[in-house]
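Asks: Below is the file work04.cif, with mmCIF, C-alpha atoms.
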```cif
data_work
loop_
_atom_site.label_atom_id
_atom_site.label_comp_id
_atom_site.auth_asym_id
_atom_site.auth_seq_id
_atom_site.Cartn_x
_atom_site.Cartn_y
_atom_site.Cartn_z
CA MET A 1 -7.19 13.82 -26.32
CA VAL A 2 -7.29 10.03 -26.24
CA ASN A 3 -10.57 8.14 -26.15
CA ILE A 4 -10.00 4.61 -24.89
CA LYS A 5 -13.15 2.55 -25.04
CA LYS A 6 -13.81 -0.48 -22.86
CA ASN A 7 -12.94 -3.66 -24.66
CA GLU A 8 -15.90 -6.04 -24.52
CA ASN A 9 -13.82 -9.11 -25.36
CA GLY A 10 -12.70 -10.07 -21.89
CA TYR A 11 -10.28 -7.74 -20.19
CA LEU A 12 -10.28 -4.98 -17.60
CA ASN A 13 -9.07 -1.46 -18.27
CA VAL A 14 -6.81 -0.38 -15.40
CA VAL A 15 -5.70 3.06 -14.24
CA GLU A 16 -2.69 3.10 -11.90
CA LEU A 17 -2.18 6.19 -9.74
CA PHE A 18 0.92 6.96 -7.63
CA ALA A 19 2.46 4.16 -9.63
CA GLY A 20 6.00 4.24 -8.23
CA VAL A 21 8.07 1.69 -10.12
CA GLY A 22 4.97 -0.28 -11.12
CA GLY A 23 4.29 -2.77 -8.31
CA PHE A 24 0.55 -2.93 -8.91
CA ARG A 25 1.00 -3.35 -12.63
CA VAL A 26 3.65 -6.04 -12.25
CA GLY A 27 1.42 -8.01 -9.88
CA LEU A 28 -1.67 -7.72 -12.06
CA GLU A 29 0.19 -8.67 -15.22
CA ARG A 30 1.71 -11.67 -13.48
CA ALA A 31 -1.82 -12.71 -12.56
CA ASN A 32 -2.92 -12.40 -16.21
CA ALA A 33 -1.27 -9.97 -18.60
CA ASP A 34 -4.01 -10.56 -21.18
CA PHE A 35 -6.76 -9.70 -18.72
CA PHE A 36 -5.40 -6.53 -17.07
CA ARG A 37 -4.67 -3.73 -19.54
CA THR A 38 -3.27 -0.51 -18.07
CA ILE A 39 -4.67 2.37 -20.09
CA PHE A 40 -3.25 5.20 -17.97
CA ALA A 41 -0.51 5.41 -15.34
CA ASN A 42 0.53 8.43 -13.32
CA GLN A 43 3.68 8.84 -11.24
CA TRP A 44 5.05 12.19 -10.14
CA GLU A 45 7.41 12.93 -7.28
CA PRO A 46 7.07 16.55 -6.14
CA ASN A 47 10.21 18.62 -5.67
CA LYS A 48 12.37 16.09 -7.51
CA LYS A 49 14.38 17.31 -10.47
CA VAL A 50 15.04 13.76 -11.63
CA GLN A 51 11.98 11.50 -11.67
CA HIS A 52 13.69 8.18 -10.96
CA ALA A 53 10.55 6.15 -10.25
CA PHE A 54 8.77 7.32 -13.40
CA ASP A 55 11.86 6.77 -15.52
CA CYS A 56 11.99 3.19 -14.22
CA TYR A 57 8.28 2.68 -14.89
CA LYS A 58 8.62 4.03 -18.41
CA SER A 59 11.59 1.75 -19.11
CA HIS A 60 9.38 -1.29 -18.49
CA PHE A 61 5.99 -0.16 -19.80
CA THR A 62 4.77 1.84 -22.77
CA GLU A 63 1.02 1.23 -22.96
CA GLY A 64 -0.85 3.80 -20.88
CA VAL A 65 2.17 6.07 -20.50
CA TYR A 66 1.73 9.60 -21.85
CA ASP A 67 4.69 11.96 -21.74
CA ASP A 68 2.52 15.02 -21.09
CA LEU A 69 0.27 13.48 -18.41
CA SER A 70 1.85 10.40 -16.82
CA ASN A 71 4.71 12.27 -15.16
CA LYS A 72 2.66 15.18 -13.90
CA ASP A 73 0.92 16.14 -10.67
CA ILE A 74 -2.33 14.16 -10.81
CA ALA A 75 -4.18 17.30 -9.73
CA GLN A 76 -3.11 18.86 -13.03
CA VAL A 77 -4.43 15.99 -15.18
CA PRO A 78 -7.62 17.50 -16.63
CA ASP A 79 -11.11 16.15 -16.02
CA ASP A 80 -11.85 15.88 -19.72
CA PHE A 81 -8.94 13.49 -20.23
CA LEU A 82 -10.10 11.31 -17.35
CA SER A 83 -13.70 11.34 -18.58
CA LYS A 84 -12.60 9.70 -21.84
CA LEU A 85 -11.02 6.75 -20.04
CA LYS A 86 -13.33 3.75 -19.74
CA VAL A 87 -12.02 2.49 -16.42
CA ASP A 88 -12.87 -0.84 -14.80
CA LEU A 89 -10.21 -0.99 -12.08
CA LEU A 90 -8.41 1.86 -10.31
CA VAL A 91 -5.31 0.94 -8.29
CA GLY A 92 -2.72 2.87 -6.33
CA GLY A 93 -0.68 3.32 -3.21
CA PHE A 94 -1.04 6.81 -1.77
CA PRO A 95 0.53 8.82 1.08
CA CYS A 96 -1.02 8.82 4.55
CA GLN A 97 -1.98 12.48 5.03
CA ASP A 98 -4.49 14.66 6.88
CA TYR A 99 -7.97 13.84 5.57
CA SER A 100 -9.88 16.42 7.58
CA VAL A 101 -12.61 18.31 5.73
CA ALA A 102 -14.67 21.44 6.26
CA ARG A 103 -17.89 22.91 4.99
CA SER A 104 -17.35 25.18 2.00
CA LEU A 105 -18.23 28.85 2.33
CA SER A 106 -21.30 28.28 0.21
CA GLY A 107 -23.11 25.34 1.81
CA GLU A 108 -24.61 24.04 -1.42
CA GLN A 109 -21.08 23.49 -2.81
CA GLY A 110 -20.51 20.67 -0.38
CA ILE A 111 -17.26 20.00 1.49
CA GLN A 112 -13.65 20.89 0.96
CA GLY A 113 -10.66 18.75 1.82
CA LYS A 114 -7.20 20.13 2.50
CA LYS A 115 -5.31 21.02 -0.65
CA GLY A 116 -2.53 18.65 -1.63
CA VAL A 117 -4.08 15.62 0.07
CA LEU A 118 -3.85 12.95 -2.60
CA PHE A 119 -6.85 10.95 -1.43
CA TRP A 120 -9.06 13.73 -2.79
CA GLN A 121 -7.50 13.11 -6.19
CA ILE A 122 -8.50 9.45 -5.89
CA LYS A 123 -12.02 10.66 -5.10
CA ARG A 124 -11.96 12.93 -8.16
CA VAL A 125 -10.85 10.13 -10.47
CA VAL A 126 -13.45 7.73 -9.05
CA GLU A 127 -16.17 10.36 -9.37
CA ILE A 128 -15.31 10.98 -13.02
CA THR A 129 -14.55 7.45 -14.21
CA LYS A 130 -16.81 5.33 -11.92
CA PRO A 131 -14.70 2.14 -12.02
CA LYS A 132 -16.26 -1.17 -10.99
CA TYR A 133 -13.41 -1.82 -8.58
CA VAL A 134 -10.85 0.18 -6.62
CA LEU A 135 -7.79 -1.42 -5.00
CA LEU A 136 -5.62 0.78 -2.77
CA GLU A 137 -2.63 0.24 -0.50
CA ASN A 138 -1.34 2.27 2.44
CA VAL A 139 0.62 2.02 5.67
CA ASP A 140 -1.30 0.22 8.39
CA ARG A 141 -1.37 3.27 10.69
CA LEU A 142 -3.92 4.80 8.31
CA ILE A 143 -6.77 3.03 10.11
CA LYS A 144 -5.68 4.55 13.44
CA SER A 145 -4.75 8.11 12.46
CA PRO A 146 -4.60 10.78 13.66
CA SER A 147 -3.39 9.90 17.13
CA LYS A 148 -5.48 12.66 18.75
CA GLN A 149 -8.71 11.57 17.02
CA ARG A 150 -8.31 7.85 16.45
CA GLY A 151 -9.84 6.48 13.26
CA ARG A 152 -11.02 9.83 11.90
CA ASP A 153 -9.07 9.73 8.64
CA PHE A 154 -10.18 6.23 7.74
CA ALA A 155 -13.78 7.05 8.65
CA VAL A 156 -13.66 10.02 6.27
CA MET A 157 -12.40 7.71 3.52
CA LEU A 158 -15.11 5.13 4.18
CA ALA A 159 -17.84 7.79 4.20
CA THR A 160 -16.48 9.23 0.96
CA PHE A 161 -16.70 5.87 -0.80
CA LYS A 162 -20.19 5.37 0.59
CA GLU A 163 -21.27 8.67 -0.99
CA LEU A 164 -19.67 7.57 -4.27
CA GLY A 165 -21.72 4.36 -4.24
CA TYR A 166 -19.18 1.75 -3.15
CA THR A 167 -18.91 -1.03 -0.59
CA VAL A 168 -15.48 -1.15 1.05
CA GLU A 169 -13.57 -4.09 2.46
CA TRP A 170 -10.11 -3.73 4.02
CA ARG A 171 -7.44 -5.89 5.58
CA VAL A 172 -4.03 -5.30 7.13
CA ILE A 173 -1.78 -7.99 5.67
CA ASP A 174 1.67 -9.02 6.85
CA ALA A 175 3.27 -10.27 3.65
CA SER A 176 5.47 -12.77 5.51
CA GLU A 177 2.39 -14.63 6.78
CA TYR A 178 1.43 -15.52 3.23
CA GLY A 179 4.61 -16.97 1.78
CA ASN A 180 6.77 -13.87 1.37
CA VAL A 181 10.20 -12.97 2.68
CA GLN A 182 9.42 -9.59 4.28
CA ARG A 183 7.48 -8.78 7.44
CA ARG A 184 5.76 -5.88 5.75
CA ARG A 185 2.35 -4.85 7.12
CA ARG A 186 0.17 -2.77 4.85
CA VAL A 187 -3.54 -2.05 4.70
CA PHE A 188 -5.24 -3.01 1.43
CA ILE A 189 -8.60 -1.50 0.58
CA PHE A 190 -10.93 -3.09 -1.98
CA CYS A 191 -13.96 -1.09 -3.09
CA THR A 192 -16.77 -2.52 -5.20
CA ARG A 193 -19.35 -0.40 -6.99
CA ASP A 194 -22.74 -1.16 -5.48
CA ASP A 195 -24.42 -2.00 -8.81
CA THR A 196 -22.11 -4.93 -9.60
CA VAL A 197 -23.05 -8.58 -9.43
CA TYR A 198 -20.28 -9.11 -6.88
CA ALA A 199 -21.71 -6.46 -4.55
CA ALA A 200 -25.14 -8.07 -4.82
CA THR A 201 -23.75 -11.52 -4.13
CA GLN A 202 -21.75 -10.34 -1.15
CA GLY A 203 -24.81 -8.45 0.05
CA GLU A 204 -26.53 -11.77 0.68
CA LEU A 205 -23.83 -12.78 3.16
CA GLU A 206 -23.41 -11.90 6.82
CA GLU A 207 -20.58 -9.50 7.50
CA ALA A 208 -18.79 -12.00 9.74
CA ASP A 209 -18.83 -14.58 6.93
CA ILE A 210 -17.29 -12.02 4.60
CA LEU A 211 -14.55 -11.13 7.07
CA PHE A 212 -13.59 -14.68 8.01
CA SER A 213 -14.16 -16.79 4.92
CA GLU A 214 -16.17 -15.47 1.97
CA GLY A 215 -14.92 -11.95 1.40
CA PHE A 216 -12.36 -10.59 -1.05
CA PHE A 217 -9.45 -10.92 1.38
CA ALA A 218 -10.44 -13.91 3.54
CA SER A 219 -11.04 -16.08 0.48
CA ILE A 220 -7.44 -15.64 -0.72
CA PHE A 221 -5.59 -14.92 2.54
CA PRO A 222 -7.15 -17.45 4.96
CA VAL A 223 -7.62 -16.57 8.63
CA LYS A 224 -8.63 -18.33 11.83
CA GLN A 225 -12.36 -18.34 12.43
CA VAL A 226 -12.14 -16.65 15.83
CA PRO A 227 -10.94 -13.04 16.07
CA TYR A 228 -7.88 -12.17 18.11
CA LYS A 229 -8.97 -11.45 21.71
CA ASN A 230 -12.59 -11.47 20.45
CA ARG A 231 -12.07 -8.09 18.83
CA TYR A 232 -15.17 -7.41 16.75
CA SER A 233 -17.29 -4.28 16.73
CA ILE A 234 -20.02 -2.58 14.72
CA ILE A 235 -19.67 1.13 14.01
CA PRO A 236 -22.34 3.26 12.32
CA LEU A 237 -20.82 6.09 10.29
CA PRO A 238 -22.46 9.51 10.68
CA GLU A 239 -24.14 10.71 7.49
CA ASP A 240 -22.30 14.04 7.54
CA ILE A 241 -18.62 13.73 6.53
CA VAL A 242 -17.84 17.08 8.14
CA LYS A 243 -19.25 15.76 11.41
CA ILE A 244 -16.98 12.72 11.06
CA SER A 245 -14.03 15.03 10.48
CA ASP A 246 -14.86 17.16 13.50
CA GLU A 247 -16.07 14.59 16.01
CA PHE A 248 -15.47 10.95 15.02
CA SER A 249 -13.17 8.82 17.16
CA ASP A 250 -13.37 5.03 17.27
CA THR A 251 -11.29 1.91 16.79
CA PHE A 252 -11.02 0.22 13.42
CA TYR A 253 -9.39 -3.20 13.66
CA ASN A 254 -7.18 -4.86 11.08
CA ALA A 255 -10.06 -5.98 8.87
CA GLY A 256 -13.52 -4.73 8.13
CA ILE A 257 -16.32 -4.10 5.73
CA MET A 258 -18.40 -0.97 5.22
CA ARG A 259 -21.68 -1.17 3.37
CA ASN A 260 -24.51 1.33 3.46
CA GLY A 261 -22.69 3.32 6.11
CA LEU A 262 -22.44 0.50 8.64
CA VAL A 263 -18.99 -0.82 9.53
CA HIS A 264 -18.18 -4.28 10.85
CA THR A 265 -14.54 -4.51 11.96
CA THR A 266 -12.47 -7.27 13.51
CA HIS A 267 -8.93 -8.47 14.15
CA PRO A 268 -8.30 -11.75 12.30
CA GLU A 269 -5.18 -13.88 12.54
CA ALA A 270 -3.48 -15.65 9.65
CA LEU A 271 -4.52 -19.30 9.53
CA ASN A 272 -1.17 -20.93 8.75
CA PRO A 273 1.63 -18.34 8.59
CA ASN A 274 4.33 -19.52 6.19
CA PRO A 275 7.15 -16.97 6.04
CA VAL A 276 10.18 -17.42 3.79
CA PRO A 277 13.61 -16.91 5.43
CA ILE A 278 15.74 -14.11 4.11
CA ARG A 279 18.53 -16.56 3.21
CA LYS A 280 16.33 -17.76 0.34
CA ILE A 281 16.75 -14.47 -1.53
CA LEU A 282 20.40 -13.73 -0.74
CA LEU A 283 22.98 -13.65 -3.47
CA ASP A 284 26.13 -15.64 -3.01
CA ASP A 285 28.75 -13.38 -1.42
CA SER A 286 30.95 -13.86 -4.49
CA GLU A 287 28.23 -12.09 -6.52
CA VAL A 288 28.16 -9.05 -4.22
CA GLU A 289 30.48 -6.11 -4.83
CA ASP A 290 32.94 -5.07 -2.14
CA GLU A 291 31.13 -1.76 -1.51
CA TYR A 292 28.29 -3.62 0.23
CA PHE A 293 30.53 -5.18 2.89
CA LEU A 294 30.88 -3.21 6.12
CA ASN A 295 34.20 -1.69 7.09
CA PRO A 296 35.32 -1.60 10.76
CA THR A 297 33.94 1.91 11.30
CA GLU A 298 30.51 0.92 9.98
CA ILE A 299 30.49 -2.23 12.11
CA ASP A 300 31.19 -0.12 15.21
CA LYS A 301 28.37 2.27 14.34
CA PHE A 302 25.89 -0.57 13.80
CA THR A 303 26.98 -2.16 17.08
CA TYR A 304 26.04 1.04 18.86
CA LEU A 305 22.79 1.62 16.93
CA ARG A 306 21.45 -1.89 17.46
CA ARG A 307 22.24 -2.29 21.14
CA ALA A 308 19.91 -1.30 23.98
CA LYS A 309 20.47 2.28 25.07
CA LYS A 310 19.17 5.02 27.30
CA VAL A 311 20.34 8.44 26.18
CA GLU A 312 19.73 11.78 27.85
CA ARG A 313 18.35 14.40 25.48
CA THR A 314 17.15 17.97 25.71
CA SER A 315 13.93 19.20 24.12
CA ARG A 316 13.64 22.51 22.28
CA GLU A 317 12.11 23.97 25.41
CA GLY A 318 15.17 22.97 27.44
CA HIS A 319 13.52 20.01 29.20
CA LYS A 320 15.84 17.06 29.78
CA TYR A 321 14.55 13.53 29.22
CA PHE A 322 15.84 10.02 28.53
CA TYR A 323 15.32 8.35 25.16
CA SER A 324 15.31 4.55 25.41
CA GLU A 325 15.64 1.83 22.77
CA GLY A 326 15.55 -1.92 23.17
CA GLY A 327 18.33 -4.07 21.83
CA MET A 328 18.40 -5.80 18.46
CA SER A 329 20.44 -8.76 17.31
CA PRO A 330 23.87 -7.63 16.02
CA THR A 331 22.88 -8.77 12.51
CA ASP A 332 19.63 -9.96 10.93
CA ASP A 333 18.90 -13.65 11.39
CA ILE A 334 18.96 -15.08 7.87
CA ASN A 335 16.71 -17.94 8.98
CA LEU A 336 13.85 -15.49 9.59
CA PRO A 337 11.98 -13.29 7.12
CA GLY A 338 13.30 -9.77 6.65
CA ARG A 339 12.01 -6.88 8.68
CA THR A 340 10.00 -4.12 7.04
CA MET A 341 12.25 -2.36 4.55
CA LEU A 342 12.33 1.43 4.81
CA THR A 343 13.51 4.12 2.40
CA SER A 344 16.71 4.45 4.48
CA GLU A 345 17.75 0.89 3.59
CA GLY A 346 21.44 0.63 2.68
CA THR A 347 22.55 3.43 5.03
CA VAL A 348 24.08 3.29 8.50
CA ASN A 349 20.72 3.25 10.25
CA ARG A 350 19.19 1.09 12.97
CA SER A 351 16.44 -0.06 10.57
CA THR A 352 18.85 -1.19 7.83
CA HIS A 353 19.24 -4.91 7.21
CA ILE A 354 22.75 -6.28 7.71
CA VAL A 355 23.55 -9.96 7.27
CA GLU A 356 26.55 -12.06 8.25
CA ARG A 357 27.86 -15.09 6.40
CA ASN A 358 31.31 -16.66 6.47
CA GLY A 359 32.43 -14.13 9.06
CA ARG A 360 31.67 -11.08 6.90
CA ILE A 361 28.88 -8.54 7.47
CA ARG A 362 27.23 -6.64 4.66
CA TYR A 363 24.24 -4.62 3.53
CA LEU A 364 21.61 -6.11 1.29
CA SER A 365 22.28 -5.25 -2.33
CA PRO A 366 19.64 -3.45 -4.42
CA ILE A 367 18.85 -6.76 -6.15
CA GLU A 368 18.16 -8.43 -2.80
CA CYS A 369 15.91 -5.52 -1.82
CA GLU A 370 13.99 -6.02 -5.07
CA ARG A 371 13.62 -9.68 -4.13
CA LEU A 372 12.29 -8.71 -0.68
CA ASN A 373 9.40 -7.04 -2.51
CA GLY A 374 9.05 -9.73 -5.16
CA PHE A 375 10.32 -7.72 -8.15
CA ASP A 376 12.52 -9.14 -10.88
CA ASP A 377 16.26 -8.74 -10.38
CA ASP A 378 17.56 -5.34 -11.51
CA TRP A 379 14.04 -3.96 -11.96
CA THR A 380 15.26 -0.57 -10.70
CA ASN A 381 18.61 -0.66 -12.46
CA THR A 382 17.72 2.58 -14.25
CA MET A 383 18.72 4.80 -11.32
CA PRO A 384 21.51 5.43 -8.81
CA LYS A 385 21.97 2.96 -5.95
CA ARG A 386 20.55 5.32 -3.29
CA ALA A 387 17.40 5.85 -5.35
CA ARG A 388 17.01 2.09 -5.81
CA TYR A 389 16.92 1.59 -2.05
CA PHE A 390 14.50 4.49 -1.65
CA CYS A 391 12.09 3.16 -4.27
CA MET A 392 12.11 -0.34 -2.76
CA GLY A 393 11.45 1.15 0.68
CA ASN A 394 8.30 2.70 -0.78
CA ALA A 395 7.23 -0.28 -2.88
CA LEU A 396 4.62 -2.92 -2.15
CA VAL A 397 5.06 -6.70 -2.08
CA VAL A 398 4.22 -7.72 -5.64
CA PRO A 399 3.12 -11.35 -5.02
CA LEU A 400 0.26 -10.09 -2.83
CA ILE A 401 -1.08 -8.10 -5.78
CA GLU A 402 -0.71 -11.12 -8.03
CA VAL A 403 -3.01 -13.10 -5.71
CA MET A 404 -5.49 -10.22 -5.55
CA GLY A 405 -5.40 -9.90 -9.32
CA ARG A 406 -6.46 -13.51 -9.77
CA LYS A 407 -9.35 -12.89 -7.37
CA ILE A 408 -10.45 -9.78 -9.27
CA GLU A 409 -10.39 -11.77 -12.53
CA GLU A 410 -12.58 -14.41 -10.88
CA ILE A 411 -15.01 -11.72 -9.67
CA GLU A 412 -15.18 -10.02 -13.06
CA THR A 413 -15.68 -13.30 -14.89
CA ALA A 414 -18.78 -13.90 -12.76
CA GLU A 415 -20.15 -10.51 -13.85
CA ASP A 416 -20.81 -11.81 -17.38
#
```
Let me see whether you can do it: turn the structure in this file into structure tokens.

Replies:
Amino acid sequence: MVNIKKNENGYLNVVELFAGVGGFRVGLERANADFFRTIFANQWEPNKKVQHAFDCYKSHFTEGVYDDLSNKDIAQVPDDFLSKLKVDLLVGGFPCQDYSVARSLSGEQGIQGKKGVLFWQIKRVVEITKPKYVLLENVDRLIKSPSKQRGRDFAVMLATFKELGYTVEWRVIDASEYGNVQRRRRVFIFCTRDDTVYAATQGELEEADILFSEGFFASIFPVKQVPYKNRYSIIPLPEDIVKISDEFSDTFYNAGIMRNGLVHTTHPEALNPNPVPIRKILLDDSEVEDEYFLNPTEIDKFTYLRRAKKVERTSREGHKYFYSEGGMSPTDDINLPGRTMLTSEGTVNRSTHIVERNGRIRYLSPIECERLNGFDDDWTNTMPKRARYFCMGNALVVPLIEVMGRKIEEIETAED
């Protein structure tokens, strides 16, 4: 087993979970490759014979990649390996799942979460390694799920970090509002261990000051000083996580802070949105292979998919109903930022980007999809085209992480 000790000469040891093709690592290393040192990365796609994302990750990075542990279900990575890692920063994007918990059969053994829910693996790693900082990313619906018990899952997460000894700040960020080319909304969660200098410093501030100017997110992604529609509320979290799981229902807005079990949450607006139009990242058509240009049959299908429609359907129970969709522009306006890219990108699908120039309509190429997320050209050129689209549909917007990385370096420098 490896024993990686914390370097005392000015860098942070990073563990990257659910690493995908390395978006967190790319962003952090762009911020300062000498400061962020990834000592362990884990990426495993269940039920996939070929591990395209991991193979891509491994083609770009060697440090922190272990053949027997990095491409393995994180639940199977043993505690004793994790306990030898001196971790300062834990990062990862994880699936939005069911976070409900129950009392174990023997009360003194605490609670049990549903098996296979990857957040509990984050909890396990944090419990074992006790990093100073945790930075996570997820789809923005996390703060509202499940629909029948609004906010329960996020409340369980917040209460879990409280029990682990962390203060939590979160923010839903639309990447296009901060100089990026994709309207991609994701929730970012920054957790700080309560015994750090940063936690103590922030503890002297009012919650509203943290959320609108002085906090981790507001200091690097500026917002207006008045919340949207005056949305601001204070929510006390119940002490018992099982009670939260069974009974909690409340509204978490797009930003918030939880410390000592008390949540302040609000809906901020970007101060000066500055999106980049999609035309800025497009290749010249002469650089794009013929396979990406739509044939007449595909054009007809997209015309149907993107127009307004009202279609009669029949449910499994035999009930007839009408399914309605609003219309979309025939092609994506290249003078606007791109829409949120999904894993179905590049297929004949209503959500797929199609652009028109010089009278010809085409898909975005894999390189252009990499650019939508801020990766280097051909970053995923280790895998088939379909897999490249899929991985970019799952990826995060790298420049956002670069900005956050610089902030984390600033915070850690003040710890000395």

Asks: Evaluated on this file, the PyMOL selection byres ((chain A and resi 185) around 7) picks out some residues - which ones are they, written as a PyMOL selection string?

Replies: chain A and resi 140+172-175+183-184+186-187

Asks: Mind giving me the straight-line distance from CA of Thr331 in chain A to CA of Trp379 in chain A in Å, one decimal?

Replies: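 It comes out at 26.5 Å.
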
Asks: Name the residues that the PyMOL selection byres ((chain A and resi 245-258) around 8) picks from the file above, as JSON, numbers by chain, using the file's chain letters and numbers.

Replies: {"A": [99, 100, 101, 102, 143, 144, 149, 150, 151, 152, 153, 155, 156, 158, 167, 168, 169, 170, 171, 172, 187, 207, 211, 231, 232, 241, 242, 243, 244, 259, 260, 261, 262, 263, 264, 265, 266, 267, 268]}

Asks: In terms of the shortest atom-to-atom distance over all atoms listed in the file, which of A:Gly346, A:Gly165, A:Pro146, A:Pro95 is closest to Ile367 in chain A?

Replies: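 Under the stated criterion, the closest residue is A:Gly346.
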
Asks: Just how far from CA of Lys385 in chain A is CA of Leu364 in chain A, in Å to one decimal?

Replies: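 According to the coordinates, CA of Leu364 in chain A and CA of Lys385 in chain A are separated by 11.6 Å.
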
Asks: Could you work out how far CA of Thr62 in chain A lies from CA of Asp34 in chain A, giving the answer in Å with one decimal?

Replies: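 Taking CA of Asp34 in chain A as the start and CA of Thr62 in chain A as the end point, the length is 15.3 Å.
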
Asks: Just say which residues the PyMOL selection byres ((chain A and resi 77) around 12) picks in this file, as a PDB file with C-alpha atoms, keeping the file's coordinate frame.

Replies:
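Saved as expr-v8.pdb:
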```
ATOM      1  CA  MET A   1      -7.190  13.820 -26.320  1.00  0.00           C
ATOM      2  CA  LEU A  17      -2.180   6.190  -9.740  1.00  0.00           C
ATOM      3  CA  PHE A  40      -3.250   5.200 -17.970  1.00  0.00           C
ATOM      4  CA  ALA A  41      -0.510   5.410 -15.340  1.00  0.00           C
ATOM      5  CA  ASN A  42       0.530   8.430 -13.320  1.00  0.00           C
ATOM      6  CA  GLN A  43       3.680   8.840 -11.240  1.00  0.00           C
ATOM      7  CA  TRP A  44       5.050  12.190 -10.140  1.00  0.00           C
ATOM      8  CA  TYR A  66       1.730   9.600 -21.850  1.00  0.00           C
ATOM      9  CA  ASP A  67       4.690  11.960 -21.740  1.00  0.00           C
ATOM     10  CA  ASP A  68       2.520  15.020 -21.090  1.00  0.00           C
ATOM     11  CA  LEU A  69       0.270  13.480 -18.410  1.00  0.00           C
ATOM     12  CA  SER A  70       1.850  10.400 -16.820  1.00  0.00           C
ATOM     13  CA  ASN A  71       4.710  12.270 -15.160  1.00  0.00           C
ATOM     14  CA  LYS A  72       2.660  15.180 -13.900  1.00  0.00           C
ATOM     15  CA  ASP A  73       0.920  16.140 -10.670  1.00  0.00           C
ATOM     16  CA  ILE A  74      -2.330  14.160 -10.810  1.00  0.00           C
ATOM     17  CA  ALA A  75      -4.180  17.300  -9.730  1.00  0.00           C
ATOM     18  CA  GLN A  76      -3.110  18.860 -13.030  1.00  0.00           C
ATOM     19  CA  PRO A  78      -7.620  17.500 -16.630  1.00  0.00           C
ATOM     20  CA  ASP A  79     -11.110  16.150 -16.020  1.00  0.00           C
ATOM     21  CA  ASP A  80     -11.850  15.880 -19.720  1.00  0.00           C
ATOM     22  CA  PHE A  81      -8.940  13.490 -20.230  1.00  0.00           C
ATOM     23  CA  LEU A  82     -10.100  11.310 -17.350  1.00  0.00           C
ATOM     24  CA  SER A  83     -13.700  11.340 -18.580  1.00  0.00           C
ATOM     25  CA  GLN A 121      -7.500  13.110  -6.190  1.00  0.00           C
ATOM     26  CA  ARG A 124     -11.960  12.930  -8.160  1.00  0.00           C
ATOM     27  CA  VAL A 125     -10.850  10.130 -10.470  1.00  0.00           C
TER      28      VAL A 125
END
```
